[in-house]
Amino acid sequence: MKTKKRLIFILCLCIGLFFLLGVALDNVISNKISSLLEKRIQENKQEVEKLILLEGGSSYSYVQESSYWDELCRAFKAKDTAWISENMASPLSSPRYHADYLWVVNNDGKDVYFKVIDSPIKNYQINFANNASLLDSVKSKVISVNCVKDGEYYTQITAASIVPSNDFARKTKPLGYLIVGKIIDSNYLKHLSELNSAFTYSFVKTDSAIADNVNLNEATISFVKTIPCSNAPALNITVSSYLPEIKLYRDFVRYSLLAYMLIVGIIIGLIFRYFIKYFFNPLEKVTQALEINSAAPIENIKQKNTELGSVAKMIDAYFKQNNILQTEIHHRKKTELDLTIALNDIEKSTIEKIKAEQSAAAKSEFLSTMSHEIRTPINGVIGIANLLKDENLTTQQKEYVDVLHFSANHLLSLVSDILDFSKIETGKVDFETTSFDLNQVCNAVYNLHKLHADEKKLDFIYAPDPFLKQSIYGDQVRLNQVLTNLIGNAIKFTEKGSIFFYYKILAETANNCTIEFKIKDTGIGIKAEEQASVFDGFSQANKNISREFGGTGLGLTICKKLVELQGGKIDMVSEYSKGSEFTFYISFEKHAFTGINAETPVIASNVNKLIGMKVLVAEDNNINILVIKRFLEKWGISYKIGMNGKEAVALACDENFDLILMDLHMPEMDGEDATRLIRSNEDKKISNIPIIALTANASTLTQKKLLDNGFNNYISKPFNPDNLFKILKKYYHEN
């Protein structure tokens, strides 16, 4: 742990600083003691100086203060040595002076008197020849204190000129010289010790200068007193003093500092140990726990009732919460990854769907365009066939026309199947919800196919459910289409035997009913291995069927899709060479509307002509124009032809018409744009003209769109002459 290492370093640094501080403080105290001792040396030096001066000056005092000076002069002149001996020698042994000898010489340097008072050398005799320099010094001064060496001994002397009248200031030639001396030896040092016992004295035989010394370790101070010598090197006396209190004081200071540093060190160590135990070690465990993302290192810490224990508890709670969060994050990441994969799949699926929709739309557009282009000539063929039926034809011609009419209708059904299949694939199938009489619809389908069944000499049995009395709510057009396909297939694939068609209520509630429709035949049947592909698009159970019976193979596929899109289900049971049975179930609402009675079909050939009616025909196809013209002429209706939308709008504004037959697909301007222009005309007579749309697409969505865009009604192409006449008659009578 970096913090712990730093604190250990700081502790060591503090201890080192305390040690250095103690050493520095010891040095300061030692220097202070040395300074005080040096000051004491100087003070003691002055004291010793006075002491030595006093000791050495005893002879000087003798000479200076002697009251026998005049008698000395008289005795000197008289050469009275006895008087000198009696009177001048005795004071030298007094405690005041402590002189060792008295020496009197005349001015020629001859001894007059010499007396040794107190000296270990009893036969002391000064060799005057060796003291020539002393005499020279004495001659030059009245009084002189000096030190001379005579053999092994040093002598400190005081000399005075003996002059008459005690005139020391006179410079006349003296009568002689009085020399008082003291021998500097062990007795001299002993005497100094007696005068000042605080010091010890010893001679130092050296020619070099010796400095003052303070030795705190030995608790001593010392200095050197130098006495100059006139005929030898200076005499050095070492003066020293032993001061045990200094050492004691110094040791006390040192031990006190050591104890202080030890106590401070122990206190710091205890404090550091406390922090290590209760703060840094737990912090290290906390850090370790955070690093390894686990609460194991802090298990013991969180049990303690301390601040770090509370922190450890919070960290433990954090780890638990973090584990939950990490788990959630992991799940979230996994979910996000799954979502990303799903989004990528969705994106791919969307792209594929868009491509498929674009492909299906392109295919649908292509099929729609092709079916429209194919429907146009088929409409003409069917129209011409309808016209020929009303002519006086021979039997053979009538057969030809019937074949022509049947072939055209068959071709139209093929085109319709392709168009329906295209709409189913692109999801553009529209279902209308209208109220209708189921028995009426099924009866119409039965009657439509009964003629064909009779032609093939087949028994066609129809059995409606007698308990269904009310109308139902659904798409009768799509139901008609499914029934027509299934019954048409049954008749087409049955050469002998019977066709059985019935419906019944399978389940019923207050508002809904599920109806079962069944078409059973005794035809060729389907092999077991081929039954699985019966409902696949563009496929038939056997390729030979397509060659023998024709067809696109879309009929059953369309039936299955139409039934399933209405929430129903279709089943098949077939046995090869014995026949097939198709059953489908569709649920309808009931009581949605009251029952509607079907109108009796109007047969154009059996009604009066619509003489006086004037119709505008907007059509660009010449065959369709020819067919419409022939029927209009047959019914006594006058007409005008507009080859495109612009011509139709112009004719509608210029002439009066009772009705307009408007094709939707025309060059330059289509039927919808032309209708909008007519409806926007300010002339109410023009804007209110009934307009009937001619369209190949009769879906519910298309019908609603046409009615919203201003059309009054519509008729599908190829149109049925009876339906067209019925619509014309309706608006003719209304006008």
# chains A, B, ... in the order shown; residues from 1 in each chain; ligands from 1

call {"tool": "residues_around", "arguments": {"residues": "Lys79 in chain A", "least_positions_apart": "4", "cutoff": "10 Å", "atoms": "only C-alpha atoms", "output": "MDAnalysis selection string"}}
result
chainID A and resid 72:75 83:84 106 112:113

call {"tool": "atom_distance", "arguments": {"atom1": "CA of Phe199 in chain A", "atom2": "CA of Tyr242 in chain A"}}
result
7.9 Å

call {"tool": "select_by_dssp", "arguments": {"residues": "range 296-531 of chain A", "states": "strand (DSSP E)", "output": "MDAnalysis selection string"}}
result
chainID A and resid 434:436 459:463 472:474 498:508 512:521

call {"tool": "write_last_selection", "arguments": {"atoms": "N, CA and C atoms", "output": "short mmCIF file (atom, residue, chain, number, x, y, z; two decimals), in the first residue's frame"}}
result
data_model
loop_
_atom_site.label_atom_id
_atom_site.label_comp_id
_atom_site.auth_asym_id
_atom_site.auth_seq_id
_atom_site.Cartn_x
_atom_site.Cartn_y
_atom_site.Cartn_z
N THR A 434 -70.85 -7.39 -46.96
CA THR A 434 -72.23 -7.00 -47.27
C THR A 434 -73.17 -8.11 -46.83
N SER A 435 -74.40 -7.73 -46.66
CA SER A 435 -75.40 -8.71 -46.28
C SER A 435 -75.96 -9.40 -47.54
N PHE A 436 -76.04 -10.74 -47.50
CA PHE A 436 -76.54 -11.45 -48.68
C PHE A 436 -77.24 -12.73 -48.22
N ASP A 459 -75.02 -36.17 -62.97
CA ASP A 459 -76.03 -35.83 -61.97
C ASP A 459 -75.45 -34.75 -61.06
N PHE A 460 -76.08 -33.60 -61.07
CA PHE A 460 -75.60 -32.47 -60.25
C PHE A 460 -76.62 -32.22 -59.16
N ILE A 461 -76.25 -32.59 -57.93
CA ILE A 461 -77.18 -32.55 -56.80
C ILE A 461 -76.82 -31.37 -55.91
N TYR A 462 -77.82 -30.56 -55.57
CA TYR A 462 -77.62 -29.38 -54.72
C TYR A 462 -78.51 -29.53 -53.50
N ALA A 463 -77.92 -29.44 -52.28
CA ALA A 463 -78.68 -29.63 -51.04
C ALA A 463 -78.36 -28.51 -50.07
N ILE A 472 -76.68 -13.49 -44.13
CA ILE A 472 -75.39 -13.46 -43.42
C ILE A 472 -74.56 -12.30 -43.94
N TYR A 473 -73.50 -12.06 -43.22
CA TYR A 473 -72.69 -10.87 -43.51
C TYR A 473 -71.29 -11.33 -43.89
N GLY A 474 -70.86 -11.01 -45.15
CA GLY A 474 -69.54 -11.42 -45.61
C GLY A 474 -69.31 -10.97 -47.04
N SER A 498 -71.61 -38.39 -60.70
CA SER A 498 -72.40 -37.32 -60.13
C SER A 498 -71.51 -36.28 -59.44
N ILE A 499 -72.13 -35.12 -59.24
CA ILE A 499 -71.51 -34.01 -58.50
C ILE A 499 -72.46 -33.69 -57.36
N PHE A 500 -71.95 -33.66 -56.14
CA PHE A 500 -72.77 -33.38 -54.98
C PHE A 500 -72.30 -32.09 -54.34
N PHE A 501 -73.22 -31.12 -54.16
CA PHE A 501 -72.88 -29.81 -53.60
C PHE A 501 -73.90 -29.48 -52.52
N TYR A 502 -73.39 -29.19 -51.31
CA TYR A 502 -74.31 -28.79 -50.25
C TYR A 502 -73.57 -27.91 -49.26
N TYR A 503 -74.36 -27.21 -48.42
CA TYR A 503 -73.79 -26.46 -47.30
C TYR A 503 -74.70 -26.67 -46.12
N LYS A 504 -74.13 -26.54 -44.90
CA LYS A 504 -74.91 -26.68 -43.68
C LYS A 504 -74.24 -25.90 -42.55
N ILE A 505 -75.06 -25.58 -41.54
CA ILE A 505 -74.54 -24.87 -40.37
C ILE A 505 -73.80 -25.87 -39.50
N LEU A 506 -72.50 -25.63 -39.29
CA LEU A 506 -71.68 -26.53 -38.49
C LEU A 506 -71.68 -26.13 -37.02
N ALA A 507 -71.65 -24.81 -36.76
CA ALA A 507 -71.68 -24.30 -35.39
C ALA A 507 -72.36 -22.95 -35.42
N GLU A 508 -73.01 -22.59 -34.29
CA GLU A 508 -73.79 -21.36 -34.30
C GLU A 508 -73.79 -20.75 -32.91
N ASN A 512 -72.91 -15.31 -34.59
CA ASN A 512 -72.08 -15.87 -35.65
C ASN A 512 -72.53 -17.29 -35.96
N CYS A 513 -72.10 -17.72 -37.14
CA CYS A 513 -72.34 -19.10 -37.53
C CYS A 513 -71.21 -19.57 -38.42
N THR A 514 -70.80 -20.81 -38.24
CA THR A 514 -69.76 -21.41 -39.08
C THR A 514 -70.45 -22.39 -40.02
N ILE A 515 -70.20 -22.18 -41.33
CA ILE A 515 -70.91 -22.96 -42.35
C ILE A 515 -69.92 -23.85 -43.06
N GLU A 516 -70.31 -25.09 -43.23
CA GLU A 516 -69.50 -26.06 -43.95
C GLU A 516 -70.02 -26.20 -45.38
N PHE A 517 -69.11 -26.05 -46.36
CA PHE A 517 -69.43 -26.22 -47.77
C PHE A 517 -68.71 -27.47 -48.25
N LYS A 518 -69.42 -28.32 -49.02
CA LYS A 518 -68.81 -29.56 -49.50
C LYS A 518 -69.16 -29.75 -50.97
N ILE A 519 -68.11 -30.05 -51.76
CA ILE A 519 -68.29 -30.39 -53.18
C ILE A 519 -67.62 -31.75 -53.38
N LYS A 520 -68.41 -32.72 -53.77
CA LYS A 520 -67.91 -34.09 -53.93
C LYS A 520 -68.21 -34.57 -55.34
N ASP A 521 -67.21 -35.26 -55.95
CA ASP A 521 -67.40 -35.75 -57.32
C ASP A 521 -66.93 -37.19 -57.40
#

call {"tool": "residues_around", "arguments": {"residues": "Asn621 in chain A", "least_positions_apart": "6", "cutoff": "12 Å", "atoms": "only C-alpha atoms", "output": "JSON, numbers by chain"}}
result
{"A": [373, 375, 376, 377, 378, 379, 380, 627, 628, 641, 642, 643, 644, 663, 664, 665, 666, 667]}

call {"tool": "residues_around", "arguments": {"residues": "Gly612 in chain A", "least_positions_apart": "5", "cutoff": "12 Å", "atoms": "only C-alpha atoms", "output": "list in words"}}
result
Leu632, Glu633, Trp635, Gly636, Ile637, Ser638, Tyr639, Phe657, Asp658, Lys729, Tyr732, His733 and Asn735 of chain A

call {"tool": "residues_around", "arguments": {"residues": "range 385-388 of chain A", "least_positions_apart": "5", "cutoff": "7 Å", "atoms": "only C-alpha atoms", "output": "NGL selection string"}}
result
:A and (401 or 404-405)

call {"tool": "residues_around", "arguments": {"residues": "Leu651 in chain A", "least_positions_apart": "2", "cutoff": "9 Å", "atoms": "only C-alpha atoms", "output": "list of chain:residue names"}}
result
A:Leu616, A:Lys640, A:Ile641, A:Gly642, A:Lys646, A:Glu647, A:Ala648, A:Val649, A:Cys653, A:Asp654, A:Glu655, A:Asn656

call {"tool": "write_last_selection", "arguments": {"atoms": "C-alpha atoms", "output": "CSV table (one decimal), in the first residue's frame"}}
result
chain,number,residue,atom,x,y,z
A,616,LEU,CA,-71.7,9.6,-74.4
A,640,LYS,CA,-71.4,9.9,-79.3
A,641,ILE,CA,-67.9,8.5,-79.1
A,642,GLY,CA,-65.0,10.2,-77.3
A,646,LYS,CA,-60.3,15.3,-73.4
A,647,GLU,CA,-62.8,14.6,-76.2
A,648,ALA,CA,-65.3,13.2,-73.6
A,649,VAL,CA,-65.1,16.4,-71.5
A,653,CYS,CA,-69.9,20.4,-72.3
A,654,ASP,CA,-71.1,21.0,-75.9
A,655,GLU,CA,-74.0,18.5,-76.1
A,656,ASN,CA,-76.7,17.2,-73.7

call {"tool": "closest_residue", "arguments": {"among": "A:Leu308, A:Tyr400, A:Asn293, A:Gly488", "to": "Asn323 in chain A", "atoms": "only C-alpha atoms"}}
result
A:Asn293

call {"tool": "atom_distance", "arguments": {"atom1": "CA of Leu661 in chain A", "atom2": "CA of Asp402 in chain A"}}
result
27.8 Å

call {"tool": "closest_residue", "arguments": {"among": "A:Leu262, A:Ala453, A:Leu235, A:Val104", "to": "Phe19 in chain A", "atoms": "only C-alpha atoms"}}
result
A:Leu262

call {"tool": "select_by_dssp", "arguments": {"residues": "range 207-297 of chain A", "states": "alpha helix (DSSP H)", "output": "PDB file with N, CA, C and O atoms, in the first residue's frame"}}
result
ATOM      1  N   PRO A 244      33.939  18.615  37.769  1.00  0.00           N
ATOM      2  CA  PRO A 244      33.047  17.447  37.608  1.00  0.00           C
ATOM      3  C   PRO A 244      31.595  17.826  37.390  1.00  0.00           C
ATOM      4  O   PRO A 244      30.834  17.099  36.760  1.00  0.00           O
ATOM      5  N   GLU A 245      31.153  18.952  37.902  1.00  0.00           N
ATOM      6  CA  GLU A 245      29.770  19.363  37.689  1.00  0.00           C
ATOM      7  C   GLU A 245      29.480  19.634  36.217  1.00  0.00           C
ATOM      8  O   GLU A 245      28.341  19.484  35.753  1.00  0.00           O
ATOM      9  N   ILE A 246      30.558  20.055  35.486  1.00  0.00           N
ATOM     10  CA  ILE A 246      30.378  20.294  34.043  1.00  0.00           C
ATOM     11  C   ILE A 246      30.050  18.976  33.337  1.00  0.00           C
ATOM     12  O   ILE A 246      29.113  18.887  32.539  1.00  0.00           O
ATOM     13  N   LYS A 247      30.812  17.936  33.653  1.00  0.00           N
ATOM     14  CA  LYS A 247      30.555  16.634  33.037  1.00  0.00           C
ATOM     15  C   LYS A 247      29.195  16.104  33.454  1.00  0.00           C
ATOM     16  O   LYS A 247      28.439  15.534  32.647  1.00  0.00           O
ATOM     17  N   LEU A 248      28.893  16.281  34.747  1.00  0.00           N
ATOM     18  CA  LEU A 248      27.600  15.826  35.221  1.00  0.00           C
ATOM     19  C   LEU A 248      26.460  16.545  34.505  1.00  0.00           C
ATOM     20  O   LEU A 248      25.476  15.925  34.056  1.00  0.00           O
ATOM     21  N   TYR A 249      26.603  17.844  34.352  1.00  0.00           N
ATOM     22  CA  TYR A 249      25.589  18.629  33.654  1.00  0.00           C
ATOM     23  C   TYR A 249      25.473  18.204  32.194  1.00  0.00           C
ATOM     24  O   TYR A 249      24.377  18.036  31.665  1.00  0.00           O
ATOM     25  N   ARG A 250      26.662  17.992  31.591  1.00  0.00           N
ATOM     26  CA  ARG A 250      26.653  17.592  30.184  1.00  0.00           C
ATOM     27  C   ARG A 250      26.019  16.211  30.025  1.00  0.00           C
ATOM     28  O   ARG A 250      25.200  15.983  29.137  1.00  0.00           O
ATOM     29  N   ASP A 251      26.388  15.272  30.889  1.00  0.00           N
ATOM     30  CA  ASP A 251      25.791  13.938  30.808  1.00  0.00           C
ATOM     31  C   ASP A 251      24.289  13.991  31.064  1.00  0.00           C
ATOM     32  O   ASP A 251      23.507  13.275  30.426  1.00  0.00           O
ATOM     33  N   PHE A 252      23.896  14.841  32.024  1.00  0.00           N
ATOM     34  CA  PHE A 252      22.468  14.983  32.306  1.00  0.00           C
ATOM     35  C   PHE A 252      21.707  15.473  31.072  1.00  0.00           C
ATOM     36  O   PHE A 252      20.638  14.961  30.734  1.00  0.00           O
ATOM     37  N   VAL A 253      22.308  16.480  30.422  1.00  0.00           N
ATOM     38  CA  VAL A 253      21.668  17.008  29.208  1.00  0.00           C
ATOM     39  C   VAL A 253      21.596  15.936  28.133  1.00  0.00           C
ATOM     40  O   VAL A 253      20.567  15.757  27.468  1.00  0.00           O
ATOM     41  N   ARG A 254      22.695  15.207  27.960  1.00  0.00           N
ATOM     42  CA  ARG A 254      22.715  14.183  26.912  1.00  0.00           C
ATOM     43  C   ARG A 254      21.695  13.082  27.193  1.00  0.00           C
ATOM     44  O   ARG A 254      20.936  12.668  26.322  1.00  0.00           O
ATOM     45  N   TYR A 255      21.676  12.583  28.430  1.00  0.00           N
ATOM     46  CA  TYR A 255      20.733  11.524  28.760  1.00  0.00           C
ATOM     47  C   TYR A 255      19.287  12.023  28.701  1.00  0.00           C
ATOM     48  O   TYR A 255      18.366  11.274  28.359  1.00  0.00           O
ATOM     49  N   SER A 256      19.106  13.286  29.069  1.00  0.00           N
ATOM     50  CA  SER A 256      17.757  13.868  28.973  1.00  0.00           C
ATOM     51  C   SER A 256      17.302  13.917  27.523  1.00  0.00           C
ATOM     52  O   SER A 256      16.158  13.578  27.189  1.00  0.00           O
ATOM     53  N   LEU A 257      18.230  14.356  26.644  1.00  0.00           N
ATOM     54  CA  LEU A 257      17.892  14.388  25.210  1.00  0.00           C
ATOM     55  C   LEU A 257      17.611  12.985  24.690  1.00  0.00           C
ATOM     56  O   LEU A 257      16.668  12.761  23.922  1.00  0.00           O
ATOM     57  N   LEU A 258      18.455  12.031  25.123  1.00  0.00           N
ATOM     58  CA  LEU A 258      18.259  10.657  24.670  1.00  0.00           C
ATOM     59  C   LEU A 258      16.915  10.116  25.160  1.00  0.00           C
ATOM     60  O   LEU A 258      16.166   9.476  24.406  1.00  0.00           O
ATOM     61  N   ALA A 259      16.615  10.399  26.447  1.00  0.00           N
ATOM     62  CA  ALA A 259      15.336   9.947  26.990  1.00  0.00           C
ATOM     63  C   ALA A 259      14.173  10.623  26.275  1.00  0.00           C
ATOM     64  O   ALA A 259      13.142   9.990  25.964  1.00  0.00           O
ATOM     65  N   TYR A 260      14.340  11.925  26.002  1.00  0.00           N
ATOM     66  CA  TYR A 260      13.289  12.662  25.282  1.00  0.00           C
ATOM     67  C   TYR A 260      13.056  12.057  23.903  1.00  0.00           C
ATOM     68  O   TYR A 260      11.914  11.809  23.501  1.00  0.00           O
ATOM     69  N   MET A 261      14.178  11.810  23.194  1.00  0.00           N
ATOM     70  CA  MET A 261      14.044  11.234  21.856  1.00  0.00           C
ATOM     71  C   MET A 261      13.445   9.833  21.921  1.00  0.00           C
ATOM     72  O   MET A 261      12.633   9.451  21.078  1.00  0.00           O
ATOM     73  N   LEU A 262      13.849   9.060  22.960  1.00  0.00           N
ATOM     74  CA  LEU A 262      13.318   7.713  23.093  1.00  0.00           C
ATOM     75  C   LEU A 262      11.816   7.755  23.366  1.00  0.00           C
ATOM     76  O   LEU A 262      11.035   7.002  22.765  1.00  0.00           O
ATOM     77  N   ILE A 263      11.407   8.648  24.282  1.00  0.00           N
ATOM     78  CA  ILE A 263       9.979   8.768  24.607  1.00  0.00           C
ATOM     79  C   ILE A 263       9.180   9.224  23.392  1.00  0.00           C
ATOM     80  O   ILE A 263       8.122   8.669  23.065  1.00  0.00           O
ATOM     81  N   VAL A 264       9.727  10.259  22.711  1.00  0.00           N
ATOM     82  CA  VAL A 264       9.044  10.739  21.503  1.00  0.00           C
ATOM     83  C   VAL A 264       8.959   9.639  20.455  1.00  0.00           C
ATOM     84  O   VAL A 264       7.928   9.441  19.808  1.00  0.00           O
ATOM     85  N   GLY A 265      10.068   8.885  20.302  1.00  0.00           N
ATOM     86  CA  GLY A 265      10.065   7.785  19.332  1.00  0.00           C
ATOM     87  C   GLY A 265       9.039   6.729  19.688  1.00  0.00           C
ATOM     88  O   GLY A 265       8.329   6.204  18.824  1.00  0.00           O
ATOM     89  N   ILE A 266       8.962   6.395  21.015  1.00  0.00           N
ATOM     90  CA  ILE A 266       7.982   5.388  21.450  1.00  0.00           C
ATOM     91  C   ILE A 266       6.561   5.891  21.201  1.00  0.00           C
ATOM     92  O   ILE A 266       5.689   5.144  20.727  1.00  0.00           O
ATOM     93  N   ILE A 267       6.339   7.180  21.536  1.00  0.00           N
ATOM     94  CA  ILE A 267       4.998   7.747  21.320  1.00  0.00           C
ATOM     95  C   ILE A 267       4.635   7.717  19.836  1.00  0.00           C
ATOM     96  O   ILE A 267       3.533   7.303  19.454  1.00  0.00           O
ATOM     97  N   ILE A 268       5.587   8.148  19.001  1.00  0.00           N
ATOM     98  CA  ILE A 268       5.323   8.133  17.549  1.00  0.00           C
ATOM     99  C   ILE A 268       5.096   6.705  17.073  1.00  0.00           C
ATOM    100  O   ILE A 268       4.199   6.430  16.261  1.00  0.00           O
ATOM    101  N   GLY A 269       5.913   5.761  17.604  1.00  0.00           N
ATOM    102  CA  GLY A 269       5.739   4.363  17.211  1.00  0.00           C
ATOM    103  C   GLY A 269       4.384   3.824  17.610  1.00  0.00           C
ATOM    104  O   GLY A 269       3.728   3.110  16.844  1.00  0.00           O
ATOM    105  N   LEU A 270       3.961   4.164  18.854  1.00  0.00           N
ATOM    106  CA  LEU A 270       2.647   3.707  19.305  1.00  0.00           C
ATOM    107  C   LEU A 270       1.532   4.313  18.467  1.00  0.00           C
ATOM    108  O   LEU A 270       0.559   3.628  18.096  1.00  0.00           O
ATOM    109  N   ILE A 271       1.693   5.636  18.194  1.00  0.00           N
ATOM    110  CA  ILE A 271       0.684   6.284  17.337  1.00  0.00           C
ATOM    111  C   ILE A 271       0.656   5.644  15.962  1.00  0.00           C
ATOM    112  O   ILE A 271      -0.415   5.343  15.408  1.00  0.00           O
ATOM    113  N   PHE A 272       1.858   5.402  15.417  1.00  0.00           N
ATOM    114  CA  PHE A 272       1.936   4.795  14.088  1.00  0.00           C
ATOM    115  C   PHE A 272       1.352   3.379  14.119  1.00  0.00           C
ATOM    116  O   PHE A 272       0.647   2.966  13.198  1.00  0.00           O
ATOM    117  N   ARG A 273       1.692   2.634  15.204  1.00  0.00           N
ATOM    118  CA  ARG A 273       1.141   1.278  15.331  1.00  0.00           C
ATOM    119  C   ARG A 273      -0.380   1.318  15.414  1.00  0.00           C
ATOM    120  O   ARG A 273      -1.083   0.486  14.821  1.00  0.00           O
ATOM    121  N   TYR A 274      -0.896   2.313  16.154  1.00  0.00           N
ATOM    122  CA  TYR A 274      -2.343   2.464  16.252  1.00  0.00           C
ATOM    123  C   TYR A 274      -2.962   2.723  14.885  1.00  0.00           C
ATOM    124  O   TYR A 274      -3.956   2.105  14.506  1.00  0.00           O
ATOM    125  N   PHE A 275      -2.337   3.649  14.156  1.00  0.00           N
ATOM    126  CA  PHE A 275      -2.859   3.970  12.822  1.00  0.00           C
ATOM    127  C   PHE A 275      -2.708   2.784  11.880  1.00  0.00           C
ATOM    128  O   PHE A 275      -3.588   2.524  11.059  1.00  0.00           O
ATOM    129  N   ASN A 281      -3.983  -0.820   7.944  1.00  0.00           N
ATOM    130  CA  ASN A 281      -4.238  -2.224   7.596  1.00  0.00           C
ATOM    131  C   ASN A 281      -5.666  -2.432   7.109  1.00  0.00           C
ATOM    132  O   ASN A 281      -5.896  -3.093   6.095  1.00  0.00           O
ATOM    133  N   PRO A 282      -6.676  -1.872   7.823  1.00  0.00           N
ATOM    134  CA  PRO A 282      -8.048  -1.972   7.275  1.00  0.00           C
ATOM    135  C   PRO A 282      -8.194  -1.294   5.915  1.00  0.00           C
ATOM    136  O   PRO A 282      -8.861  -1.818   5.026  1.00  0.00           O
ATOM    137  N   LEU A 283      -7.517  -0.132   5.766  1.00  0.00           N
ATOM    138  CA  LEU A 283      -7.584   0.541   4.457  1.00  0.00           C
ATOM    139  C   LEU A 283      -6.937  -0.311   3.377  1.00  0.00           C
ATOM    140  O   LEU A 283      -7.416  -0.360   2.231  1.00  0.00           O
ATOM    141  N   GLU A 284      -5.830  -0.979   3.767  1.00  0.00           N
ATOM    142  CA  GLU A 284      -5.181  -1.867   2.798  1.00  0.00           C
ATOM    143  C   GLU A 284      -6.110  -3.008   2.412  1.00  0.00           C
ATOM    144  O   GLU A 284      -6.209  -3.393   1.243  1.00  0.00           O
ATOM    145  N   LYS A 285      -6.812  -3.556   3.406  1.00  0.00           N
ATOM    146  CA  LYS A 285      -7.778  -4.615   3.108  1.00  0.00           C
ATOM    147  C   LYS A 285      -8.919  -4.092   2.244  1.00  0.00           C
ATOM    148  O   LYS A 285      -9.374  -4.767   1.317  1.00  0.00           O
ATOM    149  N   VAL A 286      -9.364  -2.875   2.546  1.00  0.00           N
ATOM    150  CA  VAL A 286     -10.435  -2.266   1.742  1.00  0.00           C
ATOM    151  C   VAL A 286      -9.963  -2.076   0.304  1.00  0.00           C
ATOM    152  O   VAL A 286     -10.678  -2.376  -0.665  1.00  0.00           O
ATOM    153  N   THR A 287      -8.726  -1.568   0.173  1.00  0.00           N
ATOM    154  CA  THR A 287      -8.169  -1.375  -1.178  1.00  0.00           C
ATOM    155  C   THR A 287      -8.048  -2.703  -1.911  1.00  0.00           C
ATOM    156  O   THR A 287      -8.377  -2.814  -3.098  1.00  0.00           O
ATOM    157  N   GLN A 288      -7.562  -3.717  -1.182  1.00  0.00           N
ATOM    158  CA  GLN A 288      -7.442  -5.051  -1.788  1.00  0.00           C
ATOM    159  C   GLN A 288      -8.804  -5.580  -2.217  1.00  0.00           C
ATOM    160  O   GLN A 288      -8.958  -6.159  -3.300  1.00  0.00           O
ATOM    161  N   ALA A 289      -9.806  -5.357  -1.360  1.00  0.00           N
ATOM    162  CA  ALA A 289     -11.163  -5.804  -1.703  1.00  0.00           C
ATOM    163  C   ALA A 289     -11.676  -5.104  -2.947  1.00  0.00           C
ATOM    164  O   ALA A 289     -12.293  -5.719  -3.824  1.00  0.00           O
ATOM    165  N   LEU A 290     -11.393  -3.793  -3.037  1.00  0.00           N
ATOM    166  CA  LEU A 290     -11.839  -3.041  -4.220  1.00  0.00           C
ATOM    167  C   LEU A 290     -11.088  -3.484  -5.461  1.00  0.00           C
ATOM    168  O   LEU A 290     -11.646  -3.500  -6.561  1.00  0.00           O
ATOM    169  N   GLU A 291      -9.790  -3.825  -5.295  1.00  0.00           N
ATOM    170  CA  GLU A 291      -8.999  -4.238  -6.454  1.00  0.00           C
ATOM    171  C   GLU A 291      -9.460  -5.582  -6.997  1.00  0.00           C
ATOM    172  O   GLU A 291      -9.541  -5.779  -8.209  1.00  0.00           O
ATOM    173  N   ILE A 292      -9.742  -6.534  -6.070  1.00  0.00           N
ATOM    174  CA  ILE A 292     -10.153  -7.869  -6.539  1.00  0.00           C
ATOM    175  C   ILE A 292     -11.654  -7.986  -6.664  1.00  0.00           C
ATOM    176  O   ILE A 292     -12.172  -9.039  -7.038  1.00  0.00           O
TER     177      ILE A 292
END
